[in-house]
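Accompanying notes for the structure given below.
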2 protein chains.
Amino acid sequence: VVDNLATIALTIDGSEKPIFVGRGALGLADELLPNLPSRVFVVSSPTVWNLHGSRLLSGLKRIEAVPVLIDDREETKTLSTAGKIMDAILLDKARRDDAVVAFGGGVVSDVGGFAAAILLRGLRWYAVPTTLLAMVDAAIGGKTGVDHACGKNLIGAFHFPEAVLADPELLATLPDRQLRSGLVEALKTLWIGDAASAQTASGRIEQMAGRDPDDLDVLIKSAARVKAEIVGRDPREEGLRRVLNLGHTLGHAFEAAGGYRDLTHGEAVAWGLAAALDLSVARAGLPEAEARGMREALRRLGPFPRPVRDPEALLAFLRRDKKARRDGISGILLERVGRARIERISEEDWIAAASRAVL
Amino acid sequence: VVDNLATIALTIDGSEKPIFVGRGALGLADELLPNLPSRVFVVSSPTVWNLHGSRLLSGLKRIEAVPVLIDDREETKTLSTAGKIMDAILLDKARRDDAVVAFGGGVVSDVGGFAAAILLRGLRWYAVPTTLLAMVDAAIGGKTGVDHACGKNLIGAFHFPEAVLADPELLATLPDRQLRSGLVEALKTLWIGDAASAQTASGRIEQMAGRDPDDLDVLIKSAARVKAEIVGRDPREEGLRRVLNLGHTLGHAFEAAGGYRDLTHGEAVAWGLAAALDLSVARAGLPEAEARGMREALRRLGPFPRPVRDPEALLAFLRRDKKARRDGISGILLERVGRARIERISEEDWIAAASRAVL
């Protein structure tokens with residue numbers, strides 16, 4: 001029995017794709033996840049499988065679960081790894097009524113969801129995230145894909161999981177740096193769409209970084225609600241959904257310029273957010289007092305490794321942004337906490353903001 | 001000026017995806033194809049590019065066209081080839097407003113369309129088929145993908161081209177065996193959905209096999225109309241569209257059992273159709289006289305190499321059919337010329353029909 005289960009509704013193309021969040025929810029996986037087939041392939045990493053595989057198996061007690069373990073470092077989020085997942089599933093005589101369960105962090109849900117998207121022209125899949133980043137962001141929203149030598153997530157598909165099941169108890173074993181990285185992403189989401197929860201979260205940063213389970217539970221539910229609300233209105237990022245990229249245009253460039261080693265995704269986004277806050281004060285009327293409060297919340301999650309700020313390196317990566325078009329790169333600015341807007345920003349302004357960003 | 005241009009309407013998820021058919025249409029590519037960007041990547045084979053590349057370039061005179069040439073044999077319709085196409089396009093700094101033009105036969109449109117489907121989570125693409133098979137079948141309907149060691153088309157996506165442009169003049173250079181292979185597929189489509197055109201085609205088999213340009217033009221238009229009509233009503237093959245698989249369940253098994261070398265796709269489908277006609281007479285009330293007429297039309301396109309009929313080999317491939325589910329493999333039967341239905345058929349009945357099929 002899960003006494004604090006939240007079911008967050010998400011409707012995509014007329015189908016319900018619920019998000020379940022609650023401590024202990026994993027144990028009820030096969031009662032909560034809708035339309036489970038009799039067999040699922042569980043894409044996971046050796047680490048996650050060793051730590052939590054038996055809990056997943058007890059949650060999926062009524063069905064057959066075949067593990068497919070992959071190296072889940074960002075460096076191996078490649079077409080080749082997706083190919084290995086597909087080899088394993090096809091060699092086991094996959095049928096259209098099988099499904100994939102992605103059980104891990106963002107790399108596992110990105111590449112596992114992508115493999116599901118293109119196996120037999122689309123198998124159903126379920127996301128069971130095990131990191132905070134995946135619970136509040138990567139596992140929600142149907143973006144799946146892999147990286148390419150030319151940039152992150154350049155190969156992929158929109159393919160929504162039938163359901164997401166997030167159990168905050170899994171976070172007990174998450175490395176501290178990854179926990180803080182996920183907290184950055186959760187704050188970002190609240191800043192875009194939920195000023196009240198953002199305020200609450202800012203006041204409980206230390207407790208969340210210290211893994212207070214109730215605080216994390218509240219945070220995941222509020223961030224997942226904001227993301228689901230935005231994704232439901234623009235599932236394929238044709239407009240509105242772009243606001244979720246707050247801090248990510250420069251964040252991706254910082255991450256790439258550091259070779260995906262120096263900074264975690266969340267750390268790179270923290271620097272991207274710092275720059276976006278400056279741009280927001282200068283161009284979107286964000287009150288400096290609000291920006292200061294947000295910078296302070298980020299700072300309490302640090303200190304973060306410093307990013308590469310070389311303009312040429314950053315420009316090369318900015319121009320590879322999937323959202324880059326011939327007429328420039330769009331950025332996201334905050335008008336207030338809880339209200340974001342999209343604005344085209346020149347390369348010069350991006351670079352100037354990157355060089356000035358402080359945390 | 002194209003004096004006999006047909007524009008066949010196809011609406012997918014509310015968007016128009018027209019199919020243009022007409023002799024000389026290639027020369028008007030950039031006037032006919034809607035919403036062309038300023039740059040396209042043309043996926044093609046060295047053979048097609050050498051024979052017809054300059055005609056495509058004169059048709060695309062107003063925009064930049066970057067060729068990406070691939071080996072287009074069925075053996076190389078793999079994830080690795082899709083990866084090479086994506087490498088070339090990404091290294092050329094692909095942006096979301098670029099598009100792909102697949103210029104070739106079925107392998108080129110399958111793998112080129114698939115690369116477009118997963119590049120930057122979906123680039124627009126256009127199909128400019130150069131074989132009869134691709135003009136009447138492969139390029140229409142949004143099925144894209146690659147083969148896997150475990151079977152054909154096991155990896156892929158539904159991704160509809162913005163438009164299809166079929167110029168029958170390109171068929172002048174098509175090898176005879178491929179022309180006949182395409183004629184089999186065109187007959188199949190007419191048998192499913194257009195009795196009158198099927199009758200006309202049966203009476204003009206020799207002229208079509210002899211490449212009479214007017215007969216081919218009429219055939220392509222009528223077959224493309226039938227396929228577009230069916231695909232428009234069931235774009236993602238959730239039901240009705242399966243009728244297009246007439247002859248293909250066994251056809252794919254014959255093709256696989258021959259290692260994709262002994263029989264072309266159309267030849268394998270011819271044998272699959274012969275078996276489907278027997279099953280249709282026995283189980284769906286197809287009048288024997290009609291079946292005889294259809295067998296005779298196929299025979300005049302032969303003689304075809306004989307297929308492997310070993311039950312174990314065929315069964316292994318039948319069970320890998322993407323449409324196989326735990327409760328059996330669905331087959332398509334004809335009740336009359338122009339009227340098909342879907343029926344679950346046991347493995348034993350498939351094998352018996354395979355062993356008896358004659359042409």
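Every chain in the structure tokens takes a letter, A first, then B, and so on in the order presented; its residues are numbered from 1, and the ligands are numbered from 1 following the presented order.
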Within 6 Å of chain A, which residues belong to chain B? Use only C-alpha atoms and report them as a list in words. Ile118, Leu119, Leu120, Arg121, Leu154, Ile155, Gly156 and Ala157 of chain B
At a cut-off of 8 Å, using only C-alpha atoms, what residues contact stretch 186-198 of chain B? Leave out same-chain residues fewer than 4 positions from it and give the result as a PyMOL selection string. chain B and resi 133+136-137+182+202+219-220+222-223+226-227+243-244+246-247+273+334+337-340
Using only C-alpha atoms, find each residue in stretch 283-326 of chain B having at least one atom no more than 10 Å away from stretch 171-177 of chain B; report its shortest atom-to-atom pair and that distance in Å (one decimal), rows by chain then rising number, as a Markdown table.
| residue | atom | partner | partner_atom | distance |
| --- | --- | --- | --- | --- |
| B:Leu301 | CA | B:Arg177 | CA | 9.4 |
| B:Gly302 | CA | B:Arg177 | CA | 9.4 |
| B:Phe304 | CA | B:Arg177 | CA | 9.5 |
DSSP helix (DSSP H, G or I) residues within stretch 227-357 of chain B, listed as a ChimeraX atom specification: /B:227-233,240-245,248-257,265-283,288-299,311-318,347-356
Which neighbours of A:Arg23 fall inside 9 Å, counting only C-alpha atoms, when residues of the same chain fewer than 4 positions from it are skipped, and could you give them as a PyMOL selection string? chain A and resi 2-5+166-170+213-214+217
How would the residues just picked look written out with all heavy atoms as a CSV table (one decimal), in the first residue's frame?
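The result, written out as part-v4.csv:
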chain,number,residue,atom,x,y,z
A,2,VAL,N,0.6,2.2,-0.9
A,2,VAL,CA,1.3,3.4,-1.0
A,2,VAL,C,0.4,4.5,-0.5
A,2,VAL,O,-0.6,4.8,-1.2
A,2,VAL,CB,1.7,3.6,-2.5
A,2,VAL,CG1,2.5,4.9,-2.6
A,2,VAL,CG2,2.5,2.4,-3.0
A,3,ASP,N,0.7,5.1,0.6
A,3,ASP,CA,-0.3,6.0,1.2
A,3,ASP,C,-0.2,7.4,0.6
A,3,ASP,O,-1.2,8.2,0.8
A,3,ASP,CB,-0.2,6.0,2.7
A,3,ASP,CG,1.2,6.4,3.2
A,3,ASP,OD1,2.1,6.8,2.3
A,3,ASP,OD2,1.5,6.4,4.4
A,4,ASN,N,0.8,7.7,-0.1
A,4,ASN,CA,0.9,9.1,-0.6
A,4,ASN,C,1.0,9.1,-2.1
A,4,ASN,O,1.7,10.0,-2.7
A,4,ASN,CB,2.0,9.9,0.0
A,4,ASN,CG,3.3,9.2,-0.4
A,4,ASN,OD1,3.3,8.1,-0.9
A,4,ASN,ND2,4.4,9.9,-0.2
A,5,LEU,N,0.4,8.2,-2.8
A,5,LEU,CA,0.6,8.1,-4.2
A,5,LEU,C,-0.1,9.2,-5.0
A,5,LEU,O,-1.3,9.5,-4.7
A,5,LEU,CB,0.0,6.8,-4.7
A,5,LEU,CG,0.1,6.5,-6.2
A,5,LEU,CD1,1.6,6.1,-6.5
A,5,LEU,CD2,-0.8,5.5,-6.7
A,166,ALA,N,7.5,6.8,-10.6
A,166,ALA,CA,8.7,7.3,-9.9
A,166,ALA,C,8.5,7.0,-8.4
A,166,ALA,O,7.5,7.5,-7.8
A,166,ALA,CB,8.7,8.8,-10.1
A,167,ASP,N,9.5,6.3,-7.9
A,167,ASP,CA,9.5,5.9,-6.5
A,167,ASP,C,10.6,6.6,-5.8
A,167,ASP,O,11.8,6.2,-5.9
A,167,ASP,CB,9.6,4.4,-6.3
A,167,ASP,CG,9.5,4.0,-4.9
A,167,ASP,OD1,9.6,4.8,-4.0
A,167,ASP,OD2,9.2,2.8,-4.6
A,168,PRO,N,10.4,7.7,-5.0
A,168,PRO,CA,11.5,8.5,-4.4
A,168,PRO,C,12.4,7.6,-3.5
A,168,PRO,O,13.5,8.1,-3.2
A,168,PRO,CB,10.8,9.6,-3.6
A,168,PRO,CG,9.4,9.7,-4.3
A,168,PRO,CD,9.1,8.3,-4.7
A,169,GLU,N,11.9,6.5,-3.0
A,169,GLU,CA,12.8,5.7,-2.2
A,169,GLU,C,14.0,5.2,-2.9
A,169,GLU,O,15.0,4.9,-2.3
A,169,GLU,CB,12.0,4.5,-1.6
A,169,GLU,CG,10.9,4.9,-0.6
A,169,GLU,CD,10.2,3.8,0.1
A,169,GLU,OE1,10.5,2.6,-0.2
A,169,GLU,OE2,9.3,4.1,0.9
A,170,LEU,N,14.0,5.1,-4.2
A,170,LEU,CA,15.1,4.7,-5.0
A,170,LEU,C,16.3,5.7,-4.9
A,170,LEU,O,17.4,5.4,-5.2
A,170,LEU,CB,14.8,4.5,-6.5
A,170,LEU,CG,13.8,3.4,-6.7
A,170,LEU,CD1,13.4,3.3,-8.2
A,170,LEU,CD2,14.4,2.0,-6.3
A,213,PRO,N,13.1,12.5,2.7
A,213,PRO,CA,12.3,11.8,1.7
A,213,PRO,C,11.0,12.6,1.5
A,213,PRO,O,10.4,12.6,0.3
A,213,PRO,CB,12.0,10.4,2.3
A,213,PRO,CG,12.5,10.5,3.7
A,213,PRO,CD,13.4,11.7,3.8
A,214,ASP,N,10.4,13.2,2.5
A,214,ASP,CA,9.2,13.9,2.3
A,214,ASP,C,9.4,15.1,1.4
A,214,ASP,O,8.5,15.4,0.5
A,214,ASP,CB,8.5,14.3,3.6
A,214,ASP,CG,8.1,13.1,4.4
A,214,ASP,OD1,7.5,12.2,3.7
A,214,ASP,OD2,8.3,13.0,5.6
A,217,ASP,N,9.8,13.9,-2.2
A,217,ASP,CA,8.5,13.5,-2.7
A,217,ASP,C,7.6,14.7,-3.2
A,217,ASP,O,7.1,14.7,-4.3
A,217,ASP,CB,7.8,12.7,-1.6
A,217,ASP,CG,6.5,12.1,-2.0
A,217,ASP,OD1,6.6,11.0,-2.7
A,217,ASP,OD2,5.4,12.6,-1.8
What lies within 9 Å of stretch 106-108 of chain A using only C-alpha atoms, ignoring chain neighbours under 3 positions off, as a list in words? Val43, Ser44, Ser45, Ile70, Asp71, Asp72, Arg73, Glu74, Thr76, Lys77, Ala102, Phe103, Val111, Gly112, Gly113, Pro129, Thr130, Thr131, Leu133, Ala134, Met135, Asp137, Ala138, Ala139, Gly145 and Val146 of chain A
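Ranking A:Leu165, A:Leu28, A:Leu263, A:Val358 by their shortest atom-to-atom distance to A:Arg55, with only C-alpha atoms included, puts A:Leu28 first.
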Just the number, please: distance in Å from atom CA of B:Thr249 to atom CA of B:Ala274, one decimal. 12.0 Å
Between atom CA of B:Ser330 and atom CA of B:Ser346 lies a distance of 8.5 Å
Based on the backbone DSSP call, show me all residues of stretch 89-163 of chain A assigned strand (DSSP E or B), as a CSV table (one decimal) with C-alpha atoms, in the first residue's frame.
chain,number,residue,atom,x,y,z
A,99,ALA,CA,7.0,-3.9,-24.2
A,100,VAL,CA,10.1,-2.2,-22.8
A,101,VAL,CA,10.6,-0.9,-19.3
A,102,ALA,CA,13.4,1.7,-19.0
A,103,PHE,CA,14.7,1.3,-15.4
A,104,GLY,CA,17.5,3.8,-14.7
A,119,LEU,CA,11.7,-1.7,-32.7
A,124,ARG,CA,5.1,0.3,-26.0
A,125,TRP,CA,7.4,1.3,-23.2
A,126,TYR,CA,7.2,2.3,-19.5
A,127,ALA,CA,9.6,4.6,-17.7
A,128,VAL,CA,10.7,3.7,-14.1
A,129,PRO,CA,13.3,6.4,-13.4
A,143,LYS,CA,11.7,12.7,-26.0
A,144,THR,CA,13.9,9.7,-26.6
A,145,GLY,CA,17.2,9.5,-28.5
A,146,VAL,CA,21.0,9.1,-28.6
A,147,ASP,CA,24.0,11.4,-28.9
A,148,HIS,CA,26.2,11.7,-32.0
A,151,GLY,CA,26.2,16.8,-30.6
A,152,LYS,CA,23.7,15.6,-27.9
A,153,ASN,CA,20.4,14.0,-28.8
A,154,LEU,CA,20.8,14.6,-32.5
A,155,ILE,CA,19.2,11.2,-33.3
A,156,GLY,CA,15.9,10.3,-31.7
A,157,ALA,CA,12.1,10.2,-31.8
A,158,PHE,CA,9.1,11.4,-29.9
A,163,ALA,CA,3.2,5.4,-18.0
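Distances here use only C-alpha atoms; by that measure, the residue among A:Pro37, A:Leu333, A:Ala353, A:Phe160 closest to A:Val231 is A:Phe160.
Between atom CA of A:Ala209 and atom CA of A:Leu183 lies a distance of 7.7 Å.
Compared by their closest atoms to A:Pro67, and using only C-alpha atoms, the residues A:Arg309, A:Arg336, A:Val218, A:Gly53 rank with A:Gly53 nearest.
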Non-local contacts of A:Ala268 (7 Å; only C-alpha atoms; under 4 positions in same chain excluded) as a PDB file with N, CA, C and O atoms, in the first residue's frame:
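around_2.pdb, written as the output of this step:
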ATOM      1  N   GLY A 251      23.606  25.665 -21.405  1.00  0.00           N
ATOM      2  CA  GLY A 251      23.914  24.467 -20.610  1.00  0.00           C
ATOM      3  C   GLY A 251      24.487  23.364 -21.483  1.00  0.00           C
ATOM      4  O   GLY A 251      25.528  22.773 -21.165  1.00  0.00           O
ATOM      5  N   HIS A 252      23.820  23.097 -22.611  1.00  0.00           N
ATOM      6  CA  HIS A 252      24.332  22.060 -23.516  1.00  0.00           C
ATOM      7  C   HIS A 252      25.711  22.426 -24.055  1.00  0.00           C
ATOM      8  O   HIS A 252      26.574  21.561 -24.214  1.00  0.00           O
ATOM      9  N   PHE A 254      27.996  24.337 -22.585  1.00  0.00           N
ATOM     10  CA  PHE A 254      28.967  24.153 -21.496  1.00  0.00           C
ATOM     11  C   PHE A 254      29.297  22.663 -21.328  1.00  0.00           C
ATOM     12  O   PHE A 254      30.446  22.274 -21.151  1.00  0.00           O
ATOM     13  N   GLU A 255      28.243  21.847 -21.365  1.00  0.00           N
ATOM     14  CA  GLU A 255      28.420  20.404 -21.156  1.00  0.00           C
ATOM     15  C   GLU A 255      29.297  19.819 -22.267  1.00  0.00           C
ATOM     16  O   GLU A 255      30.221  19.042 -22.011  1.00  0.00           O
ATOM     17  N   LEU A 263      31.532  18.436 -16.363  1.00  0.00           N
ATOM     18  CA  LEU A 263      30.296  18.860 -15.717  1.00  0.00           C
ATOM     19  C   LEU A 263      29.214  17.810 -15.943  1.00  0.00           C
ATOM     20  O   LEU A 263      29.090  17.274 -17.046  1.00  0.00           O
ATOM     21  N   THR A 264      28.410  17.543 -14.898  1.00  0.00           N
ATOM     22  CA  THR A 264      27.204  16.749 -15.136  1.00  0.00           C
ATOM     23  C   THR A 264      26.217  17.631 -15.899  1.00  0.00           C
ATOM     24  O   THR A 264      26.378  18.858 -15.973  1.00  0.00           O
ATOM     25  N   GLY A 272      24.123  27.488 -17.134  1.00  0.00           N
ATOM     26  CA  GLY A 272      23.235  28.023 -18.176  1.00  0.00           C
ATOM     27  C   GLY A 272      22.111  28.853 -17.569  1.00  0.00           C
ATOM     28  O   GLY A 272      21.714  29.892 -18.111  1.00  0.00           O
TER      29      GLY A 272
END
